[in-house]
>>> print(open('coords-v8.txt').read())   # compact mmCIF, C-alpha atoms and all ligand atoms
# COMPACT_ATOMS: atom_id res chain seq x y z
CA MET A 1 -76.85 111.71 -18.77
CA HIS A 2 -78.32 115.21 -18.47
CA GLN A 3 -74.90 116.52 -17.45
CA GLU A 4 -73.68 115.62 -20.93
CA VAL A 5 -76.36 117.76 -22.62
CA ASP A 6 -75.91 120.58 -20.08
CA ARG A 7 -72.19 120.66 -20.75
CA ARG A 8 -72.77 120.82 -24.49
CA ILE A 9 -75.23 123.68 -24.06
CA ASP A 10 -72.75 125.59 -21.88
CA ASP A 11 -70.07 125.01 -24.51
CA LYS A 12 -72.39 126.54 -27.11
CA LYS A 13 -72.83 129.80 -25.25
CA SER A 14 -71.02 131.95 -27.82
CA ASP A 15 -72.84 130.13 -30.63
CA LEU A 16 -76.15 130.85 -28.89
CA VAL A 17 -75.28 134.55 -28.58
CA SER A 18 -74.16 134.93 -32.17
CA LEU A 19 -77.22 133.03 -33.41
CA THR A 20 -79.48 135.42 -31.46
CA VAL A 21 -77.55 138.46 -32.74
CA ASP A 22 -77.76 137.24 -36.35
CA LEU A 23 -81.51 136.69 -36.07
CA ILE A 24 -82.04 140.18 -34.58
CA ARG A 25 -80.04 141.72 -37.43
CA ILE A 26 -82.59 140.43 -39.95
CA PRO A 27 -85.31 143.10 -39.59
CA THR A 28 -88.46 141.01 -39.95
CA ILE A 29 -90.83 143.86 -39.12
CA ASN A 30 -94.52 143.06 -39.38
CA PRO A 31 -96.44 144.79 -40.80
CA PRO A 32 -95.54 144.73 -43.64
CA GLY A 33 -93.69 141.41 -43.19
CA ASP A 34 -90.17 142.40 -44.21
CA ALA A 35 -87.19 140.08 -44.72
CA TYR A 36 -89.06 136.83 -44.07
CA VAL A 37 -87.18 134.98 -46.83
CA PRO A 38 -83.63 135.76 -45.62
CA CYS A 39 -84.64 134.94 -42.05
CA ALA A 40 -86.27 131.62 -43.03
CA GLU A 41 -83.23 130.75 -45.16
CA TYR A 42 -80.81 131.63 -42.38
CA ILE A 43 -82.57 129.16 -40.07
CA GLY A 44 -82.99 126.57 -42.83
CA ASN A 45 -79.33 126.70 -43.89
CA ARG A 46 -78.14 126.21 -40.36
CA LEU A 47 -80.43 123.26 -39.63
CA GLN A 48 -79.76 121.60 -42.99
CA LYS A 49 -76.09 121.38 -42.02
CA ARG A 50 -77.16 119.52 -38.87
CA GLY A 51 -79.08 116.85 -40.72
CA PHE A 52 -82.54 118.41 -40.77
CA HIS A 53 -84.75 118.07 -43.82
CA VAL A 54 -85.76 121.65 -44.63
CA GLU A 55 -88.79 122.96 -46.49
CA TYR A 56 -89.81 126.53 -47.29
CA ILE A 57 -93.54 127.00 -47.41
CA ARG A 58 -94.96 130.23 -48.78
CA ALA A 59 -98.53 130.98 -47.73
CA ARG A 60 -99.85 132.40 -50.97
CA ASP A 61 -103.15 134.26 -50.85
CA THR A 62 -103.01 134.80 -47.11
CA PRO A 63 -103.31 138.39 -45.79
CA GLY A 64 -100.32 140.49 -46.84
CA ASP A 65 -98.70 137.91 -49.13
CA SER A 66 -97.20 139.43 -52.28
CA ASP A 67 -94.00 139.05 -54.29
CA ALA A 68 -92.63 142.05 -52.42
CA TYR A 69 -93.61 140.60 -49.03
CA PRO A 70 -93.87 136.82 -49.42
CA ARG A 71 -95.20 134.96 -46.37
CA THR A 72 -92.39 132.36 -46.34
CA ASN A 73 -92.15 129.89 -43.46
CA VAL A 74 -89.37 127.41 -42.74
CA MET A 75 -90.10 123.89 -41.50
CA ALA A 76 -87.20 121.65 -40.51
CA ARG A 77 -87.38 118.02 -39.39
CA ARG A 78 -84.65 115.75 -38.09
CA GLU A 79 -85.54 112.08 -38.18
CA GLY A 80 -84.22 109.82 -35.45
CA LYS A 81 -83.02 106.24 -35.78
CA GLY A 82 -86.53 104.84 -36.02
CA PRO A 83 -90.18 105.67 -35.46
CA GLY A 84 -91.20 107.33 -32.22
CA PRO A 85 -92.74 110.50 -30.78
CA VAL A 86 -92.36 113.81 -32.60
CA VAL A 87 -91.54 116.99 -30.69
CA HIS A 88 -91.93 120.35 -32.41
CA PHE A 89 -90.51 123.75 -31.47
CA ASN A 90 -92.43 126.57 -33.15
CA SER A 91 -91.24 130.18 -33.12
CA HIS A 92 -92.55 133.17 -34.98
CA ILE A 93 -89.86 135.09 -36.87
CA ASP A 94 -91.75 138.38 -37.20
CA VAL A 95 -91.25 141.32 -34.84
CA VAL A 96 -93.34 144.42 -34.21
CA GLU A 97 -92.43 147.91 -35.35
CA VAL A 98 -89.55 149.65 -33.59
CA GLY A 99 -91.45 152.54 -31.97
CA HIS A 100 -89.73 155.29 -29.99
CA GLY A 101 -87.36 155.57 -27.05
CA TRP A 102 -84.50 153.25 -28.05
CA THR A 103 -81.01 153.94 -26.69
CA THR A 104 -79.43 151.19 -28.80
CA ASP A 105 -79.75 150.17 -32.46
CA PRO A 106 -82.92 148.02 -32.56
CA PHE A 107 -81.40 145.84 -35.31
CA GLY A 108 -77.79 145.98 -34.13
CA GLY A 109 -77.95 143.03 -31.71
CA GLU A 110 -75.76 144.73 -29.12
CA VAL A 111 -74.37 142.38 -26.44
CA ARG A 112 -73.86 144.09 -23.09
CA ASP A 113 -73.93 143.02 -19.41
CA GLY A 114 -75.00 139.47 -20.18
CA LYS A 115 -77.90 140.55 -22.39
CA VAL A 116 -78.61 140.75 -26.09
CA TYR A 117 -80.53 143.88 -27.11
CA GLY A 118 -82.76 144.44 -30.10
CA ARG A 119 -86.28 144.35 -31.45
CA GLY A 120 -87.38 140.74 -31.15
CA ALA A 121 -84.60 139.78 -28.68
CA CYS A 122 -87.19 138.65 -26.17
CA ASP A 123 -90.23 138.22 -28.45
CA MET A 124 -89.02 135.82 -29.67
CA LYS A 125 -85.72 135.38 -31.44
CA GLY A 126 -84.00 134.55 -28.13
CA GLY A 127 -86.47 131.70 -27.64
CA LEU A 128 -85.97 130.49 -31.19
CA ALA A 129 -82.19 130.48 -30.73
CA ALA A 130 -82.49 128.64 -27.40
CA SER A 131 -84.65 125.93 -28.97
CA ILE A 132 -82.20 125.46 -31.86
CA ILE A 133 -79.27 125.11 -29.45
CA ALA A 134 -81.30 122.72 -27.24
CA ALA A 135 -82.15 120.49 -30.21
CA GLU A 136 -78.59 120.51 -31.57
CA ALA A 137 -77.07 119.68 -28.18
CA TYR A 138 -79.62 116.92 -27.63
CA ILE A 139 -78.92 115.34 -31.02
CA GLU A 140 -75.16 115.43 -30.41
CA ALA A 141 -75.55 113.79 -27.01
CA HIS A 142 -78.18 111.27 -28.16
CA PRO A 143 -77.44 110.51 -31.83
CA ASP A 144 -79.47 107.30 -31.60
CA PHE A 145 -82.74 108.86 -30.47
CA TYR A 146 -86.06 107.50 -31.73
CA GLY A 147 -88.81 109.71 -33.16
CA ALA A 148 -88.21 113.10 -34.73
CA ILE A 149 -87.49 116.70 -33.80
CA GLU A 150 -89.03 119.56 -35.74
CA ILE A 151 -88.22 123.27 -35.65
CA SER A 152 -90.29 125.82 -37.51
CA GLY A 153 -89.86 129.55 -38.03
CA THR A 154 -93.22 131.00 -38.95
CA VAL A 155 -94.49 134.39 -40.10
CA ASP A 156 -97.18 136.85 -39.09
CA GLU A 157 -97.82 135.82 -35.48
CA GLU A 158 -98.00 139.47 -34.53
CA SER A 159 -100.79 140.01 -37.05
CA GLY A 160 -102.82 136.87 -36.33
CA GLY A 161 -100.63 134.08 -37.71
CA PHE A 162 -102.79 133.40 -40.77
CA GLY A 163 -99.85 133.10 -43.18
CA GLY A 164 -97.81 131.28 -40.55
CA VAL A 165 -99.01 128.62 -38.13
CA ALA A 166 -102.63 128.74 -39.34
CA HIS A 167 -101.48 128.02 -42.88
CA LEU A 168 -99.14 125.20 -41.87
CA ALA A 169 -101.85 123.73 -39.64
CA SER A 170 -104.27 123.76 -42.56
CA LEU A 171 -101.70 121.65 -44.47
CA GLY A 172 -101.77 119.08 -41.67
CA LEU A 173 -98.33 119.99 -40.32
CA PHE A 174 -99.61 120.56 -36.77
CA SER A 175 -101.68 117.38 -36.43
CA LYS A 176 -101.11 113.81 -35.39
CA PRO A 177 -99.49 111.61 -36.59
CA ARG A 178 -97.06 114.12 -38.07
CA VAL A 179 -96.39 115.69 -34.67
CA ASP A 180 -97.26 114.80 -31.05
CA HIS A 181 -95.98 117.57 -28.78
CA VAL A 182 -95.47 121.29 -29.45
CA ILE A 183 -93.45 123.83 -27.47
CA ILE A 184 -93.70 127.49 -28.47
CA PRO A 185 -90.69 129.38 -27.00
CA GLU A 186 -92.55 132.67 -26.39
CA PRO A 187 -91.05 134.84 -23.62
CA LEU A 188 -93.04 133.69 -20.61
CA ASN A 189 -90.07 133.57 -18.17
CA LYS A 190 -87.86 130.52 -17.73
CA ASP A 191 -89.70 129.06 -14.71
CA ARG A 192 -93.23 129.31 -16.08
CA VAL A 193 -95.29 126.97 -18.23
CA CYS A 194 -97.92 128.80 -20.24
CA LEU A 195 -100.93 126.53 -20.74
CA GLY A 196 -102.91 128.72 -23.13
CA HIS A 197 -104.58 132.06 -23.53
CA ARG A 198 -107.82 134.02 -23.16
CA GLY A 199 -110.25 134.45 -26.05
CA VAL A 200 -110.47 137.45 -28.36
CA TRP A 201 -113.28 139.21 -30.15
CA TRP A 202 -112.38 142.16 -32.37
CA ALA A 203 -115.25 144.04 -33.91
CA GLU A 204 -116.00 147.37 -35.52
CA ILE A 205 -119.05 149.39 -34.60
CA GLU A 206 -120.17 152.11 -36.99
CA THR A 207 -122.74 154.75 -36.14
CA PHE A 208 -124.43 156.78 -38.84
CA GLY A 209 -125.43 160.42 -39.19
CA THR A 210 -126.35 162.97 -41.83
CA GLN A 211 -123.86 165.50 -43.18
CA ALA A 212 -124.66 169.20 -42.89
CA HIS A 213 -122.82 172.50 -42.44
CA GLY A 214 -121.05 172.65 -39.06
CA SER A 215 -122.57 176.05 -38.30
CA MET A 216 -126.05 174.52 -38.48
CA PRO A 217 -125.63 171.08 -36.92
CA PHE A 218 -129.39 170.93 -36.28
CA LEU A 219 -129.82 170.41 -40.03
CA GLY A 220 -127.78 167.21 -39.86
CA ASP A 221 -127.30 164.39 -37.39
CA SER A 222 -123.91 163.68 -35.81
CA ALA A 223 -122.57 160.14 -35.99
CA VAL A 224 -119.93 161.17 -33.43
CA ARG A 225 -122.58 162.09 -30.86
CA HIS A 226 -124.31 158.77 -31.48
CA MET A 227 -120.99 157.04 -30.81
CA GLY A 228 -120.76 159.08 -27.63
CA SER A 229 -123.94 157.42 -26.45
CA VAL A 230 -122.37 154.02 -27.14
CA LEU A 231 -119.31 154.96 -25.07
CA HIS A 232 -121.52 156.21 -22.26
CA ALA A 233 -123.41 152.92 -22.20
CA PHE A 234 -120.13 151.00 -22.18
CA GLU A 235 -118.90 153.01 -19.19
CA THR A 236 -122.07 152.75 -17.17
CA GLU A 237 -123.34 149.28 -18.12
CA LEU A 238 -120.71 147.10 -19.78
CA TYR A 239 -117.45 147.88 -17.95
CA PRO A 240 -118.92 147.30 -14.47
CA GLN A 241 -120.32 143.98 -15.77
CA LEU A 242 -116.91 142.91 -17.15
CA ALA A 243 -115.14 143.76 -13.89
CA GLU A 244 -117.39 141.23 -12.13
CA LYS A 245 -116.31 138.33 -14.32
CA ARG A 246 -113.39 136.50 -12.76
CA THR A 247 -111.73 133.39 -14.13
CA GLN A 248 -110.33 130.22 -12.64
CA MET A 249 -107.67 130.30 -15.39
CA PRO A 250 -104.24 131.23 -13.93
CA VAL A 251 -103.96 134.34 -16.12
CA VAL A 252 -101.03 136.72 -15.58
CA PRO A 253 -100.82 139.54 -14.80
CA GLU A 254 -103.48 139.71 -12.08
CA GLY A 255 -105.47 142.45 -13.85
CA ALA A 256 -106.15 140.07 -16.75
CA LYS A 257 -107.93 137.55 -14.50
CA GLN A 258 -111.14 139.34 -15.41
CA SER A 259 -112.82 140.09 -18.71
CA THR A 260 -111.35 143.14 -20.40
CA MET A 261 -112.18 145.39 -23.32
CA ASN A 262 -109.93 147.91 -25.04
CA LEU A 263 -111.32 150.57 -27.34
CA ASN A 264 -108.62 150.30 -29.95
CA SER A 265 -109.51 153.28 -32.14
CA ILE A 266 -112.21 155.78 -32.99
CA HIS A 267 -112.56 157.61 -36.28
CA GLY A 268 -115.43 159.96 -36.94
CA GLY A 269 -116.18 162.68 -39.44
CA GLU A 270 -113.50 163.97 -41.73
CA ALA A 271 -110.37 161.88 -42.14
CA GLU A 272 -107.33 163.17 -40.30
CA ARG A 273 -104.34 164.54 -42.07
CA GLY A 274 -103.01 161.83 -44.34
CA GLY A 275 -106.23 159.88 -43.90
CA ALA A 276 -108.52 158.52 -46.58
CA GLY A 277 -108.69 160.77 -49.60
CA LYS A 278 -106.08 163.26 -48.38
CA PRO A 279 -102.43 163.46 -49.33
CA ASP A 280 -99.88 162.71 -46.61
CA ASP A 281 -98.41 166.18 -46.78
CA TYR A 282 -101.74 167.99 -46.48
CA ASP A 283 -101.71 170.24 -43.43
CA GLY A 284 -104.49 172.70 -44.22
CA LEU A 285 -107.60 173.34 -42.17
CA PRO A 286 -110.63 171.04 -42.02
CA SER A 287 -113.96 172.15 -43.45
CA PRO A 288 -116.97 172.45 -41.12
CA ASN A 289 -119.08 169.35 -41.37
CA VAL A 290 -121.44 167.28 -39.28
CA ALA A 291 -120.07 163.72 -39.16
CA GLU A 292 -122.00 161.18 -41.19
CA SER A 293 -120.01 158.19 -39.92
CA CYS A 294 -118.09 157.20 -36.82
CA ARG A 295 -116.26 153.91 -36.39
CA LEU A 296 -114.95 152.28 -33.27
CA VAL A 297 -112.78 149.16 -33.11
CA LEU A 298 -113.13 147.18 -29.92
CA ASP A 299 -110.86 144.46 -28.59
CA ARG A 300 -112.67 142.25 -26.11
CA ARG A 301 -110.67 139.58 -24.25
CA PHE A 302 -112.75 136.85 -22.69
CA LEU A 303 -112.42 133.94 -20.32
CA ILE A 304 -112.76 130.20 -20.68
CA GLU A 305 -115.93 130.43 -18.55
CA GLU A 306 -117.56 132.78 -21.11
CA ASP A 307 -119.35 131.80 -24.30
CA ILE A 308 -118.46 133.84 -27.39
CA ARG A 309 -122.18 134.23 -28.20
CA GLN A 310 -122.75 135.76 -24.78
CA VAL A 311 -119.72 138.06 -25.24
CA LYS A 312 -121.17 139.40 -28.47
CA SER A 313 -124.72 139.70 -27.23
CA GLU A 314 -123.65 141.97 -24.36
CA VAL A 315 -122.57 144.52 -26.96
CA VAL A 316 -125.47 143.88 -29.32
CA ASP A 317 -127.98 144.36 -26.46
CA ILE A 318 -126.53 147.81 -25.73
CA LEU A 319 -126.67 148.80 -29.39
CA GLU A 320 -130.22 147.51 -29.78
CA GLY A 321 -131.24 149.34 -26.62
CA LEU A 322 -129.95 152.59 -28.11
CA ARG A 323 -131.70 151.87 -31.38
CA SER A 324 -135.05 151.67 -29.61
CA ASN A 325 -134.48 154.56 -27.16
CA ARG A 326 -132.34 157.12 -28.93
CA GLU A 327 -133.72 159.14 -31.79
CA ASN A 328 -132.22 158.36 -35.23
CA PHE A 329 -129.69 155.95 -33.77
CA ASP A 330 -128.57 153.32 -36.21
CA TYR A 331 -125.47 151.18 -36.33
CA ALA A 332 -123.59 148.43 -38.12
CA LEU A 333 -121.50 145.80 -36.38
CA ARG A 334 -118.73 143.92 -38.20
CA ASP A 335 -116.72 141.03 -36.81
CA ILE A 336 -113.00 141.40 -37.48
CA MET A 337 -111.57 138.39 -35.68
CA GLU A 338 -112.47 135.85 -33.07
CA VAL A 339 -110.31 133.39 -31.16
CA LEU A 340 -111.61 130.95 -28.58
CA PRO A 341 -109.80 130.60 -25.26
CA THR A 342 -107.59 127.54 -24.98
CA MET A 343 -106.00 125.80 -22.01
CA THR A 344 -103.90 122.63 -22.07
CA GLU A 345 -104.43 120.29 -19.11
CA ARG A 346 -101.73 120.21 -16.47
CA ASP A 347 -101.30 116.47 -16.78
CA ALA A 348 -100.65 116.65 -20.55
CA PRO A 349 -97.31 115.05 -21.51
CA VAL A 350 -95.66 118.26 -22.73
CA VAL A 351 -96.61 120.07 -19.52
CA GLN A 352 -95.19 117.24 -17.41
CA ALA A 353 -91.97 117.10 -19.42
CA VAL A 354 -91.23 120.83 -19.32
CA SER A 355 -92.23 121.03 -15.64
CA GLN A 356 -89.76 118.31 -14.75
CA GLY A 357 -87.09 120.14 -16.75
CA ILE A 358 -87.76 123.32 -14.77
CA ARG A 359 -87.53 121.43 -11.45
CA GLU A 360 -84.19 119.91 -12.42
CA VAL A 361 -82.55 122.91 -14.08
CA ILE A 362 -83.95 125.85 -12.14
CA GLY A 363 -84.60 124.03 -8.92
CA ARG A 364 -88.13 125.13 -8.17
CA GLU A 365 -91.72 124.22 -8.90
CA PRO A 366 -92.91 125.71 -12.19
CA GLU A 367 -95.59 128.34 -12.17
CA TYR A 368 -98.53 127.58 -14.47
CA VAL A 369 -99.87 130.60 -16.29
CA ILE A 370 -102.30 131.67 -18.98
CA SER A 371 -101.33 134.46 -21.37
CA PRO A 372 -103.54 137.58 -21.35
CA GLY A 373 -103.20 137.81 -25.14
CA THR A 374 -103.20 135.06 -27.72
CA TYR A 375 -100.39 133.47 -29.65
CA ASP A 376 -100.15 130.72 -32.23
CA GLN A 377 -101.39 127.96 -29.89
CA LYS A 378 -104.90 128.91 -31.01
CA HIS A 379 -104.30 127.60 -34.55
CA ILE A 380 -102.64 124.41 -33.35
CA ALA A 381 -105.66 123.65 -31.12
CA ARG A 382 -108.44 124.72 -33.49
CA ILE A 383 -107.05 123.77 -36.93
CA GLY A 384 -104.54 121.06 -36.00
CA HIS A 385 -106.72 119.54 -33.23
CA LEU A 386 -103.50 119.05 -31.31
CA HIS A 387 -103.86 119.83 -27.62
CA ASP A 388 -100.48 118.80 -26.29
CA CYS A 389 -99.09 122.28 -26.75
CA ILE A 390 -97.69 124.97 -24.45
CA ALA A 391 -95.58 128.10 -24.54
CA TYR A 392 -92.27 127.96 -22.72
CA GLY A 393 -89.25 130.14 -23.32
CA PRO A 394 -86.69 132.65 -21.99
CA GLY A 395 -87.26 136.36 -21.69
CA ILE A 396 -89.45 138.63 -19.61
CA LEU A 397 -92.94 138.92 -21.03
CA ASP A 398 -93.30 142.58 -19.99
CA LEU A 399 -90.37 143.58 -22.23
CA ALA A 400 -92.04 142.32 -25.38
CA HIS A 401 -92.78 145.11 -27.87
CA MET A 402 -91.03 147.76 -25.69
CA ALA A 403 -88.05 150.00 -26.43
CA ASP A 404 -84.63 148.52 -25.51
CA GLU A 405 -86.06 145.00 -25.55
CA PHE A 406 -83.47 142.42 -24.46
CA VAL A 407 -83.02 138.78 -23.56
CA GLY A 408 -80.67 137.50 -20.85
CA ILE A 409 -77.95 135.12 -22.04
CA ASP A 410 -78.10 132.98 -18.89
CA ASP A 411 -81.89 132.83 -19.22
CA MET A 412 -81.48 131.47 -22.74
CA LEU A 413 -78.93 128.90 -21.56
CA GLU A 414 -81.13 127.71 -18.70
CA SER A 415 -84.26 127.48 -20.79
CA ALA A 416 -82.30 125.63 -23.50
CA LYS A 417 -81.40 123.06 -20.81
CA VAL A 418 -85.06 122.80 -19.81
CA MET A 419 -86.04 122.30 -23.46
CA ALA A 420 -83.36 119.63 -23.96
CA ARG A 421 -84.65 117.74 -20.91
CA ALA A 422 -88.22 118.04 -22.17
CA LEU A 423 -87.04 116.59 -25.48
CA HIS A 424 -85.44 113.69 -23.67
CA PHE A 425 -88.51 112.95 -21.53
CA LEU A 426 -90.90 113.16 -24.47
CA LEU A 427 -88.79 111.23 -26.98
CA SER A 428 -88.03 108.47 -24.52
CA GLY A 429 -91.60 108.28 -23.26
CA GLN A 430 -90.57 109.21 -19.71
CA GLN A 431 -92.70 112.29 -19.35
CA GLN A 432 -95.05 110.83 -16.75
CA ILE A 433 -92.96 111.97 -13.83
CA LYS A 434 -94.58 112.62 -10.51
CA ALA A 435 -94.63 116.19 -9.37
CA GLY A 436 -91.75 116.60 -6.95
ZN ZN B 501 -94.36 136.56 -29.58
>>> encode(input="coords-v8.txt", output="structure tokens", more="lines below")
Ligand SMILES: [Zn+2]
Amino acid sequence: MHQEVDRRIDDKKSDLVSLTVDLIRIPTINPPGDAYVPCAEYIGNRLQKRGFHVEYIRARDTPGDSDAYPRTNVMARREGKGPGPVVHFNSHIDVVEVGHGWTTDPFGGEVRDGKVYGRGACDMKGGLAASIIAAEAYIEAHPDFYGAIEISGTVDEESGGFGGVAHLASLGLFSKPRVDHVIIPEPLNKDRVCLGHRGVWWAEIETFGTQAHGSMPFLGDSAVRHMGSVLHAFETELYPQLAEKRTQMPVVPEGAKQSTMNLNSIHGGEAERGGAGKPDDYDGLPSPNVAESCRLVLDRRFLIEEDIRQVKSEVVDILEGLRSNRENFDYALRDIMEVLPTMTERDAPVVQAVSQGIREVIGREPEYVISPGTYDQKHIARIGHLHDCIAYGPGILDLAHMADEFVGIDDMLESAKVMARALHFLLSGQQQIKAG
């Protein structure tokens, strides 16, 4: 029975490649969120021809939405012969900026040596294409299936997913009874099941000073030096503390099995060239000033064993300590974003189904991992209250966002076969298969 679907997937190899190439050629760069409408329509038109009911859902009033850059998602649903379980494949259609160092056209979709190259090839247009081929092959081989299959292409994952999965979840589209099982084909490698991700806290710290002439800094008070004291305290107190915190979550890579914190940016004193209040082409000299403000954006990634209140208070305690011990030190702290860690249980149906697919297609035990960063699973868990969700898809995670990003064609074919098996197990209620 599976041979039938496998054969159909193999027969669709050139279709899979051209689908991936076509998707890469639509430059859905985010920010600003370019070309979402043509990309959503490309997916929608294809699935409509295969009997899917297709809807376009624009997330008005979400960050970045405008008539120039509409946050348009596509949601496609293929009903089976009668009621039954619903399996959903969710892919984000946005890609990150191109960056430097490419030796091939990032939006050309070059096919070479069994790989498709381009921005988004691995993260995650290859996964989207594989899931479409898997669903189409499954439907052809099992036209009388019960339940429903959904495929969505959603926006803005790279910038938080607020106009994408979060918006659709708030409309009830990622909750029972509309949907039961969700697979997100992010590039986690074809033999791995990604159960969830660590938590995130982004915040901005601002220190304050008093402006004065730079030749007489003693007449002012430097916000940059105050920020220096914050950095010093982070180095001597906070970082050693974070390095001690280890998780039981199977996070990859190894370095992310502990709490981490990145200092994303620092801006103090006068704006740089092209910064606030200066024209882009200004290249004159700065004027001598003592900085009256310094801002630091921190990106703290935390573990399922940590409480978000604790995570924040570690930073607040340092800032309060400086306020009482350092002369004229004052600060403001602004939350930018927070995401709680999430981890689907290993005995959840979708985990069982995909694991069995990996055993059969790839011939080894799946590896269970947790992503160091977050992805749209957070919205499905928190807003949709749906916990039968994982990430599984082709592509090498380390290539995401890099120059000369690619996805392997055989990887896409194999993971499409895994996805088709998962569909079969879930739709036929056979997912409770003993680990082999
Ligand atoms: Zn991604």
>>> closest_atom_pairs(input="coords-v8.txt", of="region 179-201 of chain A", to="region 260-273 of chain A", cutoff="12 Å", atoms="all atoms listed in the file", output="CSV")
residue,atom,partner,partner_atom,distance
A:Arg198,CA,A:Thr260,CA,10.2
A:Gly199,CA,A:Thr260,CA,10.4
A:Val200,CA,A:Met261,CA,9.6
A:Trp201,CA,A:Met261,CA,9.3
>>> closest_atom_pairs(input="coords-v8.txt", of="region 195-308 of chain A", to="region 317-341 of chain A", cutoff="7 Å", atoms="only C-alpha atoms", output="CSV")
residue,atom,partner,partner_atom,distance
A:His197,CA,A:Pro341,CA,5.7
A:Arg198,CA,A:Pro341,CA,4.5
A:Gly199,CA,A:Pro341,CA,4.0
A:Val200,CA,A:Val339,CA,4.9
A:Trp201,CA,A:Glu338,CA,4.5
A:Trp202,CA,A:Met337,CA,5.1
A:Ala203,CA,A:Asp335,CA,4.4
A:Glu204,CA,A:Arg334,CA,5.2
A:Ile205,CA,A:Leu333,CA,4.7
A:Glu206,CA,A:Ala332,CA,5.1
A:Thr207,CA,A:Tyr331,CA,4.5
A:Phe208,CA,A:Asp330,CA,6.0
A:His226,CA,A:Phe329,CA,6.5
A:Ala233,CA,A:Ile318,CA,7.0
A:Leu303,CA,A:Pro341,CA,6.5
A:Ile304,CA,A:Pro341,CA,5.5
>>> residues_near_ligand(input="coords-v8.txt", ligand="ligand ZN 501 (chain B)", cutoff="12 Å", atoms="only C-alpha atoms and all ligand atoms", output="number ranges by chain")
A: 30, 90-96, 119-128, 153-161, 184-188, 371, 373-377, 391-401
>>> atom_distance(input="coords-v8.txt", atom1="CA of Asp105 (chain A)", atom2="CA of Ile133 (chain A)")
25.2 Å
>>> atom_distance(input="coords-v8.txt", atom1="CA of Ala348 (chain A)", atom2="CA of Phe52 (chain A)")
27.2 Å
>>> atom_distance(input="coords-v8.txt", atom1="CA of Lys176 (chain A)", atom2="CA of His385 (chain A)")
8.3 Å
>>> residues_near_point(input="coords-v8.txt", point="(-104.3, 119.4, -37.2)", cutoff="6 Å", atoms="all atoms listed in the file", output="PyMOL selection string")
chain A and resi 169+172+174-175+383-386
>>> residues_around(input="coords-v8.txt", residues="Leu423 (chain A)", least_positions_apart="5", cutoff="8 Å", atoms="only C-alpha atoms", output="list in words")
Val87, Ala135, Tyr138 and Ala353 of chain A
>>> residues_around(input="coords-v8.txt", residues="Arg25 (chain A)", least_positions_apart="4", cutoff="12 Å", atoms="all atoms listed in the file", output="list in words")
Ser18, Leu19, Thr20, Val21, Ile29, Ala35, Pro38, Cys39, Tyr42, Ile93, Val95, Asp105, Pro106, Phe107, Gly108, Gly109, Glu110, Val116, Tyr117, Gly118, Arg119, Gly120, Ala121 and Lys125 of chain A
>>> residues_near_point(input="coords-v8.txt", point="(-96.7, 117.6, -30.2)", cutoff="7 Å", atoms="only C-alpha atoms", output="short mmCIF file (atom, residue, chain, number, x, y, z; two decimals) with C-alpha atoms, in the coordinates of the input")
data_model
loop_
_atom_site.label_atom_id
_atom_site.label_comp_id
_atom_site.auth_asym_id
_atom_site.auth_seq_id
_atom_site.Cartn_x
_atom_site.Cartn_y
_atom_site.Cartn_z
CA VAL A 86 -92.36 113.81 -32.60
CA VAL A 87 -91.54 116.99 -30.69
CA HIS A 88 -91.93 120.35 -32.41
CA VAL A 179 -96.39 115.69 -34.67
CA ASP A 180 -97.26 114.80 -31.05
CA HIS A 181 -95.98 117.57 -28.78
CA VAL A 182 -95.47 121.29 -29.45
CA ASP A 388 -100.48 118.80 -26.29
CA CYS A 389 -99.09 122.28 -26.75
#
>>> closest_residue(input="coords-v8.txt", among="A:Gly80, A:Glu97, A:Asp61, A:Pro366", to="Tyr146 (chain A)", atoms="all atoms listed in the file")
A:Gly80
>>> residues_around(input="coords-v8.txt", residues="Gln352 (chain A)", least_positions_apart="2", cutoff="12 Å", atoms="only C-alpha atoms", output="PyMOL selection string")
chain A and resi 181+193+195+344-350+354-359+365-366+368+388-390+418+421-423+425-426+429-436
>>> write_last_selection(input="coords-v8.txt", atoms="C-alpha atoms", output="short mmCIF file (atom, residue, chain, number, x, y, z; two decimals), keeping the file's coordinate frame")
data_model
loop_
_atom_site.label_atom_id
_atom_site.label_comp_id
_atom_site.auth_asym_id
_atom_site.auth_seq_id
_atom_site.Cartn_x
_atom_site.Cartn_y
_atom_site.Cartn_z
CA HIS A 181 -95.98 117.57 -28.78
CA VAL A 193 -95.29 126.97 -18.23
CA LEU A 195 -100.93 126.53 -20.74
CA THR A 344 -103.90 122.63 -22.07
CA GLU A 345 -104.43 120.29 -19.11
CA ARG A 346 -101.73 120.21 -16.47
CA ASP A 347 -101.30 116.47 -16.78
CA ALA A 348 -100.65 116.65 -20.55
CA PRO A 349 -97.31 115.05 -21.51
CA VAL A 350 -95.66 118.26 -22.73
CA VAL A 354 -91.23 120.83 -19.32
CA SER A 355 -92.23 121.03 -15.64
CA GLN A 356 -89.76 118.31 -14.75
CA GLY A 357 -87.09 120.14 -16.75
CA ILE A 358 -87.76 123.32 -14.77
CA ARG A 359 -87.53 121.43 -11.45
CA GLU A 365 -91.72 124.22 -8.90
CA PRO A 366 -92.91 125.71 -12.19
CA TYR A 368 -98.53 127.58 -14.47
CA ASP A 388 -100.48 118.80 -26.29
CA CYS A 389 -99.09 122.28 -26.75
CA ILE A 390 -97.69 124.97 -24.45
CA VAL A 418 -85.06 122.80 -19.81
CA ARG A 421 -84.65 117.74 -20.91
CA ALA A 422 -88.22 118.04 -22.17
CA LEU A 423 -87.04 116.59 -25.48
CA PHE A 425 -88.51 112.95 -21.53
CA LEU A 426 -90.90 113.16 -24.47
CA GLY A 429 -91.60 108.28 -23.26
CA GLN A 430 -90.57 109.21 -19.71
CA GLN A 431 -92.70 112.29 -19.35
CA GLN A 432 -95.05 110.83 -16.75
CA ILE A 433 -92.96 111.97 -13.83
CA LYS A 434 -94.58 112.62 -10.51
CA ALA A 435 -94.63 116.19 -9.37
CA GLY A 436 -91.75 116.60 -6.95
#
